[in-house]
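Student: I'd like to ask some things about the structure below.
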Amino acid sequence: MAEQLWAPWRLEYIKRADEEAGCIFCRAAAADDEDGLVVHRGAHAFVLLNKFPYSSGHVMVASYRHVGDFAELTNDEALEIHRLAERGMAALAEVYGPQGYNLGWNLGRIAGAGIVDHVHLHVVPRWAGDTNFMPVLGDVKVIPEHLAETRRRLAEAWPS
Ligand SMILES: [Zn+2]
């Protein structure tokens with residue numbers, strides 16, 4: 001078994017998720033790319049950075065449609081989410097060269113989902129030794145600038 005990533009700020013995020021107004025995915029889809037941290041937009045689904053990443057380059061793929069039930073994704077949405085994850089990994093490979101990936105759906109709050117009513121696929125790049133990501137990153141407050149730069153680099157590296 002792979003070692004769990006240690007990302008304690010995620011707990012704070014999950015605690016706060018209920019208090020934030022609206023849905024972060026719907027807000028990001030409606031915002032411009034920089035504000036929404038959107039890396040790429042497809043026809044039915046889009047790719048955005050996670051503001052509370054498990055590791056550098058942690059992206060999420062979500063349908064534009066606000067759907068909370070995994071089984072309610074249409075064929076077009078399910079296929080495009082899969083393909084966008086694949087292309088996101090290609091962009092991540094070019095920019096960051098990770099050694100592996102965790103892809104996953106957190107369905108339900110108990111499974112770690114911060115947002116439970118808009119399903120999304122996590123794509124988490126992994127490196128040997130990255131379970132020490134938090135100590136290496138140090139201060140969570142550095143993340144916003146880091147995210148803007150990461151978004152720009154991944155958008156530029158997106159395979160055409
Ligand atoms: Zn939504």
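Identifiers in the structure tokens: chain A, B, ... in order shown; residue index from 1 per chain; ligand index from 1 in order shown.
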Write out as a count of residues only which residues come within 9 Å of A:Leu49 when counting only C-alpha atoms, dropping same-chain ones fewer than 3 positions away.
Tutor: 14
Student: Quick one: residues within 8 Å of stretch 153-160 of chain A, only C-alpha atoms, excluding same-chain residues fewer than 6 positions away - as a ChimeraX atom specification?
Tutor: /A:39-40,87-88,90-92,94-95
Student: Give me a file of those residues, with N, CA, C and O atoms, as a compact mmCIF listing (two decimals), in the first residue's frame.
Tutor:
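The file below, selection03.txt, is the result:
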# COMPACT_ATOMS: atom_id res chain seq x y z
N VAL A 39 -7.68 25.24 -15.58
CA VAL A 39 -6.54 24.88 -16.42
C VAL A 39 -6.99 24.64 -17.86
O VAL A 39 -6.30 25.00 -18.82
N HIS A 40 -8.15 24.01 -18.01
CA HIS A 40 -8.62 23.68 -19.36
C HIS A 40 -10.14 23.50 -19.31
O HIS A 40 -10.67 22.98 -18.33
N ARG A 87 -5.37 13.79 -20.28
CA ARG A 87 -4.60 14.88 -20.87
C ARG A 87 -3.98 15.76 -19.78
O ARG A 87 -2.89 16.30 -19.96
N GLY A 88 -4.67 15.85 -18.66
CA GLY A 88 -4.09 16.56 -17.53
C GLY A 88 -2.81 15.88 -17.05
O GLY A 88 -1.83 16.56 -16.71
N ALA A 90 -0.84 14.23 -18.95
CA ALA A 90 0.18 14.54 -19.97
C ALA A 90 0.78 15.92 -19.71
O ALA A 90 2.00 16.11 -19.81
N ALA A 91 -0.08 16.89 -19.37
CA ALA A 91 0.42 18.24 -19.07
C ALA A 91 1.28 18.22 -17.81
O ALA A 91 2.35 18.83 -17.76
N LEU A 92 0.83 17.49 -16.80
CA LEU A 92 1.61 17.39 -15.56
C LEU A 92 2.95 16.72 -15.82
O LEU A 92 3.98 17.13 -15.25
N GLU A 94 4.70 16.85 -18.49
CA GLU A 94 5.60 17.79 -19.16
C GLU A 94 6.13 18.85 -18.19
O GLU A 94 7.29 19.22 -18.23
N VAL A 95 5.26 19.34 -17.30
CA VAL A 95 5.65 20.45 -16.44
C VAL A 95 6.40 19.98 -15.20
O VAL A 95 7.40 20.57 -14.80
Student: Taking only C-alpha atoms and all ligand atoms into account, name the residue in A:Cys26, A:Val123, A:Ala71, A:Ala148 that is nearest to ligand 1.
Tutor: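 Closest to ligand 1 of all the choices is A:Cys26.
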Student: Any residue with an atom at most 12 Å from ligand 1 counts, using only C-alpha atoms and all ligand atoms. Which are they? Put them as a PDB file with all heavy atoms, in the first residue's frame.
Tutor:
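Produced file result-v2.pdb, reproduced below:
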ATOM      1  N   ALA A  21     -20.312  29.853   0.693  1.00  0.00           N
ATOM      2  CA  ALA A  21     -21.521  30.028  -0.110  1.00  0.00           C
ATOM      3  C   ALA A  21     -21.348  29.406  -1.488  1.00  0.00           C
ATOM      4  O   ALA A  21     -20.329  29.590  -2.143  1.00  0.00           O
ATOM      5  CB  ALA A  21     -21.836  31.511  -0.236  1.00  0.00           C
ATOM      6  N   GLY A  22     -22.323  28.674  -1.917  1.00  0.00           N
ATOM      7  CA  GLY A  22     -22.328  28.143  -3.269  1.00  0.00           C
ATOM      8  C   GLY A  22     -21.369  26.990  -3.475  1.00  0.00           C
ATOM      9  O   GLY A  22     -20.748  26.501  -2.545  1.00  0.00           O
ATOM     10  N   CYS A  23     -21.250  26.605  -4.722  1.00  0.00           N
ATOM     11  CA  CYS A  23     -20.463  25.433  -5.088  1.00  0.00           C
ATOM     12  C   CYS A  23     -19.176  25.906  -5.747  1.00  0.00           C
ATOM     13  O   CYS A  23     -19.209  26.683  -6.702  1.00  0.00           O
ATOM     14  CB  CYS A  23     -21.284  24.577  -6.051  1.00  0.00           C
ATOM     15  SG  CYS A  23     -20.324  23.295  -6.864  1.00  0.00           S
ATOM     16  N   ILE A  24     -18.016  25.452  -5.259  1.00  0.00           N
ATOM     17  CA  ILE A  24     -16.745  25.939  -5.806  1.00  0.00           C
ATOM     18  C   ILE A  24     -16.594  25.568  -7.285  1.00  0.00           C
ATOM     19  O   ILE A  24     -15.961  26.303  -8.035  1.00  0.00           O
ATOM     20  CB  ILE A  24     -15.511  25.430  -5.014  1.00  0.00           C
ATOM     21  CG1 ILE A  24     -15.407  23.912  -5.051  1.00  0.00           C
ATOM     22  CG2 ILE A  24     -15.509  25.962  -3.593  1.00  0.00           C
ATOM     23  CD1 ILE A  24     -13.983  23.415  -4.850  1.00  0.00           C
ATOM     24  N   PHE A  25     -17.166  24.456  -7.685  1.00  0.00           N
ATOM     25  CA  PHE A  25     -17.036  24.035  -9.091  1.00  0.00           C
ATOM     26  C   PHE A  25     -17.879  24.921 -10.000  1.00  0.00           C
ATOM     27  O   PHE A  25     -17.418  25.348 -11.057  1.00  0.00           O
ATOM     28  CB  PHE A  25     -17.401  22.559  -9.242  1.00  0.00           C
ATOM     29  CG  PHE A  25     -16.460  21.674  -8.486  1.00  0.00           C
ATOM     30  CD1 PHE A  25     -16.775  21.206  -7.213  1.00  0.00           C
ATOM     31  CD2 PHE A  25     -15.223  21.347  -9.022  1.00  0.00           C
ATOM     32  CE1 PHE A  25     -15.890  20.422  -6.509  1.00  0.00           C
ATOM     33  CE2 PHE A  25     -14.327  20.564  -8.313  1.00  0.00           C
ATOM     34  CZ  PHE A  25     -14.658  20.105  -7.053  1.00  0.00           C
ATOM     35  N   CYS A  26     -19.119  25.187  -9.575  1.00  0.00           N
ATOM     36  CA  CYS A  26     -19.984  26.058 -10.381  1.00  0.00           C
ATOM     37  C   CYS A  26     -19.412  27.472 -10.415  1.00  0.00           C
ATOM     38  O   CYS A  26     -19.429  28.141 -11.449  1.00  0.00           O
ATOM     39  CB  CYS A  26     -21.409  26.047  -9.825  1.00  0.00           C
ATOM     40  SG  CYS A  26     -22.235  24.455 -10.080  1.00  0.00           S
ATOM     41  N   ARG A  27     -18.846  27.933  -9.277  1.00  0.00           N
ATOM     42  CA  ARG A  27     -18.246  29.270  -9.251  1.00  0.00           C
ATOM     43  C   ARG A  27     -17.032  29.341 -10.176  1.00  0.00           C
ATOM     44  O   ARG A  27     -16.857  30.293 -10.926  1.00  0.00           O
ATOM     45  CB  ARG A  27     -17.808  29.629  -7.826  1.00  0.00           C
ATOM     46  CG  ARG A  27     -18.938  30.104  -6.923  1.00  0.00           C
ATOM     47  CD  ARG A  27     -18.434  31.078  -5.857  1.00  0.00           C
ATOM     48  NE  ARG A  27     -17.283  30.582  -5.127  1.00  0.00           N
ATOM     49  CZ  ARG A  27     -17.362  29.890  -3.987  1.00  0.00           C
ATOM     50  NH1 ARG A  27     -18.523  29.641  -3.442  1.00  0.00           N
ATOM     51  NH2 ARG A  27     -16.276  29.466  -3.389  1.00  0.00           N
ATOM     52  N   ALA A  28     -16.186  28.296 -10.135  1.00  0.00           N
ATOM     53  CA  ALA A  28     -14.984  28.279 -10.981  1.00  0.00           C
ATOM     54  C   ALA A  28     -15.368  28.224 -12.455  1.00  0.00           C
ATOM     55  O   ALA A  28     -14.759  28.898 -13.287  1.00  0.00           O
ATOM     56  CB  ALA A  28     -14.107  27.080 -10.622  1.00  0.00           C
ATOM     57  N   ALA A  29     -16.398  27.441 -12.780  1.00  0.00           N
ATOM     58  CA  ALA A  29     -16.821  27.312 -14.179  1.00  0.00           C
ATOM     59  C   ALA A  29     -17.298  28.658 -14.712  1.00  0.00           C
ATOM     60  O   ALA A  29     -17.093  28.981 -15.883  1.00  0.00           O
ATOM     61  CB  ALA A  29     -17.921  26.258 -14.299  1.00  0.00           C
ATOM     62  N   ALA A  30     -17.917  29.471 -13.845  1.00  0.00           N
ATOM     63  CA  ALA A  30     -18.465  30.762 -14.266  1.00  0.00           C
ATOM     64  C   ALA A  30     -17.413  31.870 -14.249  1.00  0.00           C
ATOM     65  O   ALA A  30     -17.586  32.898 -14.902  1.00  0.00           O
ATOM     66  CB  ALA A  30     -19.639  31.143 -13.357  1.00  0.00           C
ATOM     67  N   ALA A  45     -17.029  19.134 -19.559  1.00  0.00           N
ATOM     68  CA  ALA A  45     -16.311  19.087 -18.284  1.00  0.00           C
ATOM     69  C   ALA A  45     -15.087  19.983 -18.362  1.00  0.00           C
ATOM     70  O   ALA A  45     -14.662  20.382 -19.456  1.00  0.00           O
ATOM     71  CB  ALA A  45     -15.900  17.649 -17.963  1.00  0.00           C
ATOM     72  N   ALA A  62     -14.234  18.105 -13.366  1.00  0.00           N
ATOM     73  CA  ALA A  62     -15.648  18.100 -12.988  1.00  0.00           C
ATOM     74  C   ALA A  62     -16.505  18.401 -14.207  1.00  0.00           C
ATOM     75  O   ALA A  62     -16.069  19.074 -15.146  1.00  0.00           O
ATOM     76  CB  ALA A  62     -15.904  19.150 -11.904  1.00  0.00           C
ATOM     77  N   SER A  63     -17.720  17.895 -14.185  1.00  0.00           N
ATOM     78  CA  SER A  63     -18.702  18.273 -15.207  1.00  0.00           C
ATOM     79  C   SER A  63     -19.086  19.730 -14.972  1.00  0.00           C
ATOM     80  O   SER A  63     -18.963  20.236 -13.852  1.00  0.00           O
ATOM     81  CB  SER A  63     -19.933  17.377 -15.096  1.00  0.00           C
ATOM     82  OG  SER A  63     -20.489  17.485 -13.791  1.00  0.00           O
ATOM     83  N   TYR A  64     -19.535  20.421 -16.027  1.00  0.00           N
ATOM     84  CA  TYR A  64     -20.089  21.760 -15.825  1.00  0.00           C
ATOM     85  C   TYR A  64     -21.396  21.674 -15.056  1.00  0.00           C
ATOM     86  O   TYR A  64     -21.741  22.561 -14.283  1.00  0.00           O
ATOM     87  CB  TYR A  64     -20.365  22.449 -17.172  1.00  0.00           C
ATOM     88  CG  TYR A  64     -19.123  22.807 -17.945  1.00  0.00           C
ATOM     89  CD1 TYR A  64     -18.894  22.263 -19.205  1.00  0.00           C
ATOM     90  CD2 TYR A  64     -18.191  23.707 -17.423  1.00  0.00           C
ATOM     91  CE1 TYR A  64     -17.763  22.601 -19.931  1.00  0.00           C
ATOM     92  CE2 TYR A  64     -17.064  24.039 -18.144  1.00  0.00           C
ATOM     93  CZ  TYR A  64     -16.849  23.486 -19.398  1.00  0.00           C
ATOM     94  OH  TYR A  64     -15.728  23.822 -20.105  1.00  0.00           O
ATOM     95  N   ARG A  65     -22.125  20.589 -15.284  1.00  0.00           N
ATOM     96  CA  ARG A  65     -23.428  20.399 -14.669  1.00  0.00           C
ATOM     97  C   ARG A  65     -23.257  20.103 -13.180  1.00  0.00           C
ATOM     98  O   ARG A  65     -22.381  19.331 -12.798  1.00  0.00           O
ATOM     99  CB  ARG A  65     -24.124  19.221 -15.372  1.00  0.00           C
ATOM    100  CG  ARG A  65     -25.622  19.316 -15.482  1.00  0.00           C
ATOM    101  CD  ARG A  65     -26.096  18.363 -16.595  1.00  0.00           C
ATOM    102  NE  ARG A  65     -25.571  16.999 -16.429  1.00  0.00           N
ATOM    103  CZ  ARG A  65     -26.225  16.030 -15.773  1.00  0.00           C
ATOM    104  NH1 ARG A  65     -27.390  16.248 -15.243  1.00  0.00           N
ATOM    105  NH2 ARG A  65     -25.689  14.811 -15.677  1.00  0.00           N
ATOM    106  N   HIS A  66     -24.080  20.699 -12.353  1.00  0.00           N
ATOM    107  CA  HIS A  66     -24.024  20.496 -10.904  1.00  0.00           C
ATOM    108  C   HIS A  66     -24.728  19.176 -10.575  1.00  0.00           C
ATOM    109  O   HIS A  66     -25.944  19.124 -10.438  1.00  0.00           O
ATOM    110  CB  HIS A  66     -24.710  21.676 -10.213  1.00  0.00           C
ATOM    111  CG  HIS A  66     -24.595  21.646  -8.726  1.00  0.00           C
ATOM    112  ND1 HIS A  66     -23.482  22.123  -8.048  1.00  0.00           N
ATOM    113  CD2 HIS A  66     -25.442  21.183  -7.782  1.00  0.00           C
ATOM    114  CE1 HIS A  66     -23.677  21.970  -6.737  1.00  0.00           C
ATOM    115  NE2 HIS A  66     -24.853  21.399  -6.550  1.00  0.00           N
ATOM    116  N   VAL A  67     -23.933  18.111 -10.517  1.00  0.00           N
ATOM    117  CA  VAL A  67     -24.462  16.757 -10.315  1.00  0.00           C
ATOM    118  C   VAL A  67     -23.794  16.156  -9.091  1.00  0.00           C
ATOM    119  O   VAL A  67     -22.567  16.076  -9.030  1.00  0.00           O
ATOM    120  CB  VAL A  67     -24.158  15.857 -11.533  1.00  0.00           C
ATOM    121  CG1 VAL A  67     -24.630  14.436 -11.277  1.00  0.00           C
ATOM    122  CG2 VAL A  67     -24.808  16.402 -12.787  1.00  0.00           C
ATOM    123  N   GLY A  68     -24.578  15.749  -8.128  1.00  0.00           N
ATOM    124  CA  GLY A  68     -24.013  15.189  -6.910  1.00  0.00           C
ATOM    125  C   GLY A  68     -23.939  13.675  -6.905  1.00  0.00           C
ATOM    126  O   GLY A  68     -23.248  13.080  -6.078  1.00  0.00           O
ATOM    127  N   ASP A  69     -24.637  13.066  -7.822  1.00  0.00           N
ATOM    128  CA  ASP A  69     -24.703  11.603  -7.848  1.00  0.00           C
ATOM    129  C   ASP A  69     -23.829  11.083  -8.985  1.00  0.00           C
ATOM    130  O   ASP A  69     -24.072  11.390 -10.161  1.00  0.00           O
ATOM    131  CB  ASP A  69     -26.165  11.172  -8.035  1.00  0.00           C
ATOM    132  CG  ASP A  69     -26.333   9.660  -7.905  1.00  0.00           C
ATOM    133  OD1 ASP A  69     -25.307   8.939  -7.963  1.00  0.00           O
ATOM    134  OD2 ASP A  69     -27.477   9.215  -7.751  1.00  0.00           O
ATOM    135  N   ILE A 115     -16.627  18.928  -1.092  1.00  0.00           N
ATOM    136  CA  ILE A 115     -17.863  19.292  -1.785  1.00  0.00           C
ATOM    137  C   ILE A 115     -18.567  17.985  -2.142  1.00  0.00           C
ATOM    138  O   ILE A 115     -18.027  17.175  -2.891  1.00  0.00           O
ATOM    139  CB  ILE A 115     -17.553  20.072  -3.093  1.00  0.00           C
ATOM    140  CG1 ILE A 115     -16.788  21.353  -2.782  1.00  0.00           C
ATOM    141  CG2 ILE A 115     -18.843  20.368  -3.865  1.00  0.00           C
ATOM    142  CD1 ILE A 115     -17.562  22.372  -1.980  1.00  0.00           C
ATOM    143  N   VAL A 116     -19.753  17.785  -1.589  1.00  0.00           N
ATOM    144  CA  VAL A 116     -20.408  16.484  -1.781  1.00  0.00           C
ATOM    145  C   VAL A 116     -21.475  16.520  -2.867  1.00  0.00           C
ATOM    146  O   VAL A 116     -21.950  15.482  -3.295  1.00  0.00           O
ATOM    147  CB  VAL A 116     -21.041  15.959  -0.473  1.00  0.00           C
ATOM    148  CG1 VAL A 116     -19.965  15.651   0.544  1.00  0.00           C
ATOM    149  CG2 VAL A 116     -22.057  16.941   0.081  1.00  0.00           C
ATOM    150  N   ASP A 117     -21.852  17.709  -3.321  1.00  0.00           N
ATOM    151  CA  ASP A 117     -22.985  17.732  -4.260  1.00  0.00           C
ATOM    152  C   ASP A 117     -22.593  18.079  -5.691  1.00  0.00           C
ATOM    153  O   ASP A 117     -23.434  18.392  -6.509  1.00  0.00           O
ATOM    154  CB  ASP A 117     -24.100  18.651  -3.747  1.00  0.00           C
ATOM    155  CG  ASP A 117     -23.594  20.057  -3.453  1.00  0.00           C
ATOM    156  OD1 ASP A 117     -22.370  20.299  -3.622  1.00  0.00           O
ATOM    157  OD2 ASP A 117     -24.408  20.898  -3.062  1.00  0.00           O
ATOM    158  N   HIS A 118     -21.298  18.043  -5.997  1.00  0.00           N
ATOM    159  CA  HIS A 118     -20.838  18.233  -7.380  1.00  0.00           C
ATOM    160  C   HIS A 118     -19.650  17.283  -7.554  1.00  0.00           C
ATOM    161  O   HIS A 118     -18.541  17.595  -7.123  1.00  0.00           O
ATOM    162  CB  HIS A 118     -20.451  19.696  -7.605  1.00  0.00           C
ATOM    163  CG  HIS A 118     -20.261  20.073  -9.048  1.00  0.00           C
ATOM    164  ND1 HIS A 118     -20.624  21.296  -9.545  1.00  0.00           N
ATOM    165  CD2 HIS A 118     -19.727  19.372 -10.086  1.00  0.00           C
ATOM    166  CE1 HIS A 118     -20.331  21.347 -10.850  1.00  0.00           C
ATOM    167  NE2 HIS A 118     -19.771  20.198 -11.187  1.00  0.00           N
ATOM    168  N   VAL A 119     -19.908  16.141  -8.149  1.00  0.00           N
ATOM    169  CA  VAL A 119     -18.881  15.094  -8.191  1.00  0.00           C
ATOM    170  C   VAL A 119     -17.693  15.540  -9.037  1.00  0.00           C
ATOM    171  O   VAL A 119     -17.842  16.283 -10.009  1.00  0.00           O
ATOM    172  CB  VAL A 119     -19.424  13.744  -8.711  1.00  0.00           C
ATOM    173  CG1 VAL A 119     -20.375  13.130  -7.701  1.00  0.00           C
ATOM    174  CG2 VAL A 119     -20.064  13.886 -10.073  1.00  0.00           C
ATOM    175  N   HIS A 120     -16.506  15.095  -8.658  1.00  0.00           N
ATOM    176  CA  HIS A 120     -15.278  15.510  -9.336  1.00  0.00           C
ATOM    177  C   HIS A 120     -14.216  14.442  -9.151  1.00  0.00           C
ATOM    178  O   HIS A 120     -14.199  13.748  -8.137  1.00  0.00           O
ATOM    179  CB  HIS A 120     -14.798  16.849  -8.781  1.00  0.00           C
ATOM    180  CG  HIS A 120     -14.734  16.902  -7.282  1.00  0.00           C
ATOM    181  ND1 HIS A 120     -15.840  17.119  -6.498  1.00  0.00           N
ATOM    182  CD2 HIS A 120     -13.697  16.728  -6.432  1.00  0.00           C
ATOM    183  CE1 HIS A 120     -15.490  17.095  -5.218  1.00  0.00           C
ATOM    184  NE2 HIS A 120     -14.187  16.856  -5.149  1.00  0.00           N
TER     185      HIS A 120
END
Student: Between atom CA of A:His146 and atom CA of A:Asp33, what is the spacing in Å?
Tutor: 15.3 Å
Student: So the first atom is atom CA of A:Asn102 and the second is atom CA of A:Ala128; what is the distance between them in Å, to one decimal place?
Tutor: 12.9 Å
Student: Report, in Å with one decimal, the straight-line distance from atom CA of A:His82 to atom CA of A:Ala31.
Tutor: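 Calculated distance between atom CA of A:His82 and atom CA of A:Ala31 is 23.0 Å.
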Student: Would you mind listing what lies within 9 Å of A:Ala43 as a PDB file with C-alpha atoms, in the first residue's frame, with only C-alpha atoms counted and same-chain residues fewer than 4 positions away left out?
Tutor:
ATOM      1  CA  TYR A  64     -20.089  21.760 -15.825  1.00  0.00           C
ATOM      2  CA  ASP A  76     -20.581  12.457 -22.644  1.00  0.00           C
ATOM      3  CA  GLU A  77     -19.622  13.795 -19.212  1.00  0.00           C
ATOM      4  CA  GLU A  80     -14.808  13.628 -21.173  1.00  0.00           C
TER       5      GLU A  80
END
Student: Write out as a PyMOL selection string all residues of stretch 66-160 of chain A that DSSP puts in helix (DSSP H, G or I) for this structure's backbone.
Tutor: chain A and resi 70-72+75-95+109-111+130-137+140-157
Student: With DSSP run on the backbone, what are the strand (DSSP E) residues within stretch 25-146 of chain A? I'd like them as a VMD selection string.
Tutor: chain A and resid 38 to 41 45 to 49 59 to 63 100 to 105 120 to 126
